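Let me begin by presenting the structure, written as structure tokens, before commenting on it.
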Amino acid sequence: MNAKRYRLFAGYTQEEMSQALSISLSAYKEKENGRTEFKQSEMMKFFVVVKQAIPDLKIESIFFNGDCGKIYANGEEG
């Protein structure tokens, strides 16, 4: 997972991102460090925030390796 790399590139702190995702800072750190998984809704929120700084970004680049899964704009998994 590349959440930390994209968060940093977009210029956000962990605290700012945790607020954007409406979760505690400690919960965000656990997710970013791979100890717990991002919920689908959190992935979408993260993507929307980071995409503002990286317009051509695809959600698969952040959360998925290869073709193991996709989340579409309507929230459905593919």
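Going through the structure tokens in order, the chains are called A, B, and so on, while each chain numbers its residues from 1 and the ligands are numbered from 1 in the order shown.
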Shell of 8 Å around Val50 in chain A, only C-alpha atoms, local chain residues under 3 positions omitted, as a ChimeraX atom specification: /A:6-7,10,46-47,53-54
Export N, CA and C atoms of the chosen residues as a compact mmCIF listing (two decimals), in the first residue's frame?
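Below you can see selection24.txt, which holds the result:
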```txt
# COMPACT_ATOMS: atom_id res chain seq x y z
N TYR A 6 1.54 8.81 -0.95
CA TYR A 6 0.60 9.73 -1.59
C TYR A 6 0.17 10.84 -0.63
N ARG A 7 -0.02 10.51 0.64
CA ARG A 7 -0.38 11.54 1.62
C ARG A 7 0.71 12.59 1.69
N ALA A 10 0.89 14.78 -1.42
CA ALA A 10 -0.22 15.73 -1.46
C ALA A 10 -0.09 16.82 -0.40
N PHE A 46 -9.97 9.11 1.23
CA PHE A 46 -8.54 9.33 1.04
C PHE A 46 -8.26 9.69 -0.42
N PHE A 47 -8.81 8.92 -1.31
CA PHE A 47 -8.62 9.14 -2.74
C PHE A 47 -9.10 10.52 -3.17
N ALA A 53 -4.56 17.03 -5.30
CA ALA A 53 -3.16 17.38 -5.55
C ALA A 53 -2.56 16.60 -6.72
N ILE A 54 -3.17 15.44 -7.03
CA ILE A 54 -2.65 14.56 -8.08
C ILE A 54 -3.81 14.19 -9.01
```
Mind checking which residues fall within 8 Å of Asn2 in chain A, counting only C-alpha atoms, ignoring those fewer than 2 positions away in the same chain, and posting them as a list in words?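 Non-adjacent residues within range: Lys4, Arg5, Tyr6, Ser61, Ile62 and Phe63 of chain A.
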Using only C-alpha atoms, which protein or nucleic acid residues come within 10 Å of Lys29 in chain A? Drop anything in the same chain fewer than 5 positions from it, and give the result as an mmCIF file with C-alpha atoms, in the first residue's frame.
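Produced file selection.cif, reproduced below:
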```cif
data_model
loop_
_atom_site.group_PDB
_atom_site.id
_atom_site.type_symbol
_atom_site.label_atom_id
_atom_site.label_comp_id
_atom_site.auth_asym_id
_atom_site.auth_seq_id
_atom_site.Cartn_x
_atom_site.Cartn_y
_atom_site.Cartn_z
ATOM 1 C CA LYS A 4 1.866 7.285 3.181
ATOM 2 C CA GLN A 14 -1.327 12.182 9.421
ATOM 3 C CA GLU A 15 -3.495 14.330 11.675
ATOM 4 C CA MET A 17 -5.735 12.973 6.908
ATOM 5 C CA SER A 18 -7.262 11.371 9.991
ATOM 6 C CA SER A 24 -8.754 9.147 15.280
ATOM 7 C CA GLY A 34 -0.680 -1.695 7.502
ATOM 8 C CA ARG A 35 -1.689 -2.989 10.918
ATOM 9 C CA THR A 36 -5.378 -2.537 10.116
#
```
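Minimum atom-to-atom distances from A:Met43, A:Lys58, A:Glu37, A:Phe9 to Ser22 in chain A were compared using only C-alpha atoms, and the lowest value belongs to A:Met43.
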Using only C-alpha atoms, find the one residue out of A:Asn33, A:Gln19, A:Ser26, A:Gln40 that sits nearest to Ala3 in chain A.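 The closest residue to Ala3 in chain A is A:Asn33.
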When DSSP works through the backbone of this structure, what residues of chain A end up as alpha helix (DSSP H), shown as number ranges by chain? A: 3-10, 14-20, 25-32, 40-51, 59-63
Serialized selection, N, CA, C and O atoms, as a short mmCIF file (atom, residue, chain, number, x, y, z; two decimals), in the first residue's frame:
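Saved to out-v8.cif:
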```cif
data_model
loop_
_atom_site.label_atom_id
_atom_site.label_comp_id
_atom_site.auth_asym_id
_atom_site.auth_seq_id
_atom_site.Cartn_x
_atom_site.Cartn_y
_atom_site.Cartn_z
N ALA A 3 -0.28 4.50 0.77
CA ALA A 3 -1.01 5.62 1.36
C ALA A 3 -0.07 6.69 1.90
O ALA A 3 -0.29 7.89 1.66
N LYS A 4 0.96 6.30 2.60
CA LYS A 4 1.87 7.28 3.18
C LYS A 4 2.54 8.12 2.10
O LYS A 4 2.60 9.35 2.20
N ARG A 5 3.02 7.46 1.08
CA ARG A 5 3.70 8.17 -0.01
C ARG A 5 2.77 9.19 -0.66
O ARG A 5 3.16 10.34 -0.89
N TYR A 6 1.54 8.81 -0.95
CA TYR A 6 0.60 9.73 -1.59
C TYR A 6 0.17 10.84 -0.63
O TYR A 6 0.00 11.98 -1.05
N ARG A 7 -0.02 10.51 0.64
CA ARG A 7 -0.38 11.54 1.62
C ARG A 7 0.71 12.59 1.69
O ARG A 7 0.42 13.79 1.65
N LEU A 8 1.96 12.16 1.78
CA LEU A 8 3.07 13.10 1.86
C LEU A 8 3.20 13.93 0.59
O LEU A 8 3.41 15.15 0.65
N PHE A 9 3.07 13.30 -0.56
CA PHE A 9 3.16 14.02 -1.83
C PHE A 9 2.08 15.09 -1.93
O PHE A 9 2.32 16.18 -2.45
N ALA A 10 0.89 14.78 -1.42
CA ALA A 10 -0.22 15.73 -1.46
C ALA A 10 -0.09 16.82 -0.40
O ALA A 10 -0.84 17.79 -0.40
N GLN A 14 -0.46 13.28 8.99
CA GLN A 14 -1.33 12.18 9.42
C GLN A 14 -2.55 12.73 10.15
O GLN A 14 -3.66 12.21 9.98
N GLU A 15 -2.36 13.75 10.95
CA GLU A 15 -3.50 14.33 11.68
C GLU A 15 -4.53 14.92 10.72
O GLU A 15 -5.74 14.70 10.89
N GLU A 16 -4.07 15.64 9.71
CA GLU A 16 -5.01 16.21 8.74
C GLU A 16 -5.77 15.12 7.99
O GLU A 16 -6.98 15.23 7.77
N MET A 17 -5.07 14.06 7.63
CA MET A 17 -5.73 12.97 6.91
C MET A 17 -6.71 12.23 7.82
O MET A 17 -7.79 11.85 7.38
N SER A 18 -6.34 12.05 9.07
CA SER A 18 -7.26 11.37 9.99
C SER A 18 -8.55 12.18 10.14
O SER A 18 -9.64 11.62 10.18
N GLN A 19 -8.42 13.50 10.16
CA GLN A 19 -9.61 14.35 10.25
C GLN A 19 -10.45 14.25 8.98
O GLN A 19 -11.68 14.20 9.04
N ALA A 20 -9.79 14.21 7.83
CA ALA A 20 -10.50 14.08 6.56
C ALA A 20 -11.26 12.76 6.48
O ALA A 20 -12.33 12.70 5.87
N LEU A 25 -6.45 9.86 15.15
CA LEU A 25 -5.08 9.85 14.66
C LEU A 25 -4.46 8.47 14.85
O LEU A 25 -3.80 7.95 13.94
N SER A 26 -4.68 7.87 16.00
CA SER A 26 -4.10 6.54 16.25
C SER A 26 -4.67 5.51 15.28
O SER A 26 -3.93 4.64 14.78
N ALA A 27 -5.96 5.59 14.98
CA ALA A 27 -6.56 4.65 14.01
C ALA A 27 -5.96 4.87 12.63
O ALA A 27 -5.68 3.91 11.91
N TYR A 28 -5.75 6.13 12.25
CA TYR A 28 -5.16 6.41 10.95
C TYR A 28 -3.74 5.84 10.86
O TYR A 28 -3.37 5.22 9.86
N LYS A 29 -2.95 6.04 11.91
CA LYS A 29 -1.58 5.53 11.91
C LYS A 29 -1.56 4.01 11.74
O LYS A 29 -0.72 3.46 11.03
N GLU A 30 -2.48 3.32 12.42
CA GLU A 30 -2.57 1.86 12.30
C GLU A 30 -2.86 1.45 10.85
O GLU A 30 -2.29 0.48 10.35
N LYS A 31 -3.73 2.19 10.20
CA LYS A 31 -4.10 1.88 8.81
C LYS A 31 -2.94 2.17 7.87
O LYS A 31 -2.60 1.36 7.01
N GLU A 32 -2.32 3.33 8.04
CA GLU A 32 -1.23 3.71 7.15
C GLU A 32 -0.03 2.77 7.29
O GLU A 32 0.66 2.49 6.32
N GLN A 40 -13.67 0.56 2.94
CA GLN A 40 -13.93 1.04 1.59
C GLN A 40 -14.27 2.53 1.59
O GLN A 40 -13.77 3.28 0.75
N SER A 41 -15.07 2.97 2.55
CA SER A 41 -15.44 4.39 2.61
C SER A 41 -14.23 5.26 2.91
O SER A 41 -14.12 6.39 2.40
N GLU A 42 -13.30 4.76 3.71
CA GLU A 42 -12.09 5.51 4.02
C GLU A 42 -11.17 5.60 2.80
O GLU A 42 -10.54 6.63 2.57
N MET A 43 -11.12 4.53 2.03
CA MET A 43 -10.33 4.55 0.80
C MET A 43 -10.85 5.63 -0.15
O MET A 43 -10.06 6.37 -0.74
N MET A 44 -12.15 5.70 -0.28
CA MET A 44 -12.74 6.69 -1.18
C MET A 44 -12.46 8.11 -0.69
O MET A 44 -12.12 8.99 -1.48
N LYS A 45 -12.61 8.35 0.62
CA LYS A 45 -12.33 9.68 1.16
C LYS A 45 -10.86 10.05 0.95
O LYS A 45 -10.54 11.17 0.55
N PHE A 46 -9.97 9.11 1.23
CA PHE A 46 -8.54 9.33 1.04
C PHE A 46 -8.26 9.69 -0.42
O PHE A 46 -7.56 10.66 -0.71
N PHE A 47 -8.81 8.92 -1.31
CA PHE A 47 -8.62 9.14 -2.74
C PHE A 47 -9.10 10.52 -3.17
O PHE A 47 -8.39 11.24 -3.88
N VAL A 48 -10.26 10.91 -2.73
CA VAL A 48 -10.81 12.23 -3.09
C VAL A 48 -9.91 13.35 -2.61
O VAL A 48 -9.64 14.31 -3.33
N VAL A 49 -9.40 13.23 -1.39
CA VAL A 49 -8.52 14.26 -0.83
C VAL A 49 -7.21 14.34 -1.62
O VAL A 49 -6.78 15.41 -2.04
N VAL A 50 -6.57 13.20 -1.84
CA VAL A 50 -5.26 13.18 -2.49
C VAL A 50 -5.37 13.54 -3.97
O VAL A 50 -4.49 14.18 -4.53
N LYS A 51 -6.47 13.16 -4.60
CA LYS A 51 -6.66 13.44 -6.02
C LYS A 51 -6.68 14.94 -6.32
O LYS A 51 -6.35 15.36 -7.42
N ILE A 59 -7.23 5.19 -8.01
CA ILE A 59 -7.32 4.60 -6.67
C ILE A 59 -6.52 3.31 -6.57
O ILE A 59 -5.96 3.00 -5.53
N GLU A 60 -6.43 2.58 -7.67
CA GLU A 60 -5.69 1.32 -7.67
C GLU A 60 -4.22 1.54 -7.33
O GLU A 60 -3.57 0.69 -6.74
N SER A 61 -3.69 2.70 -7.71
CA SER A 61 -2.28 3.02 -7.44
C SER A 61 -2.01 3.13 -5.95
O SER A 61 -0.90 2.88 -5.50
N ILE A 62 -3.01 3.52 -5.20
CA ILE A 62 -2.84 3.73 -3.76
C ILE A 62 -3.04 2.43 -2.98
O ILE A 62 -2.22 2.06 -2.16
N PHE A 63 -4.14 1.76 -3.24
CA PHE A 63 -4.58 0.68 -2.36
C PHE A 63 -4.45 -0.73 -2.93
O PHE A 63 -4.64 -1.69 -2.20
#
```
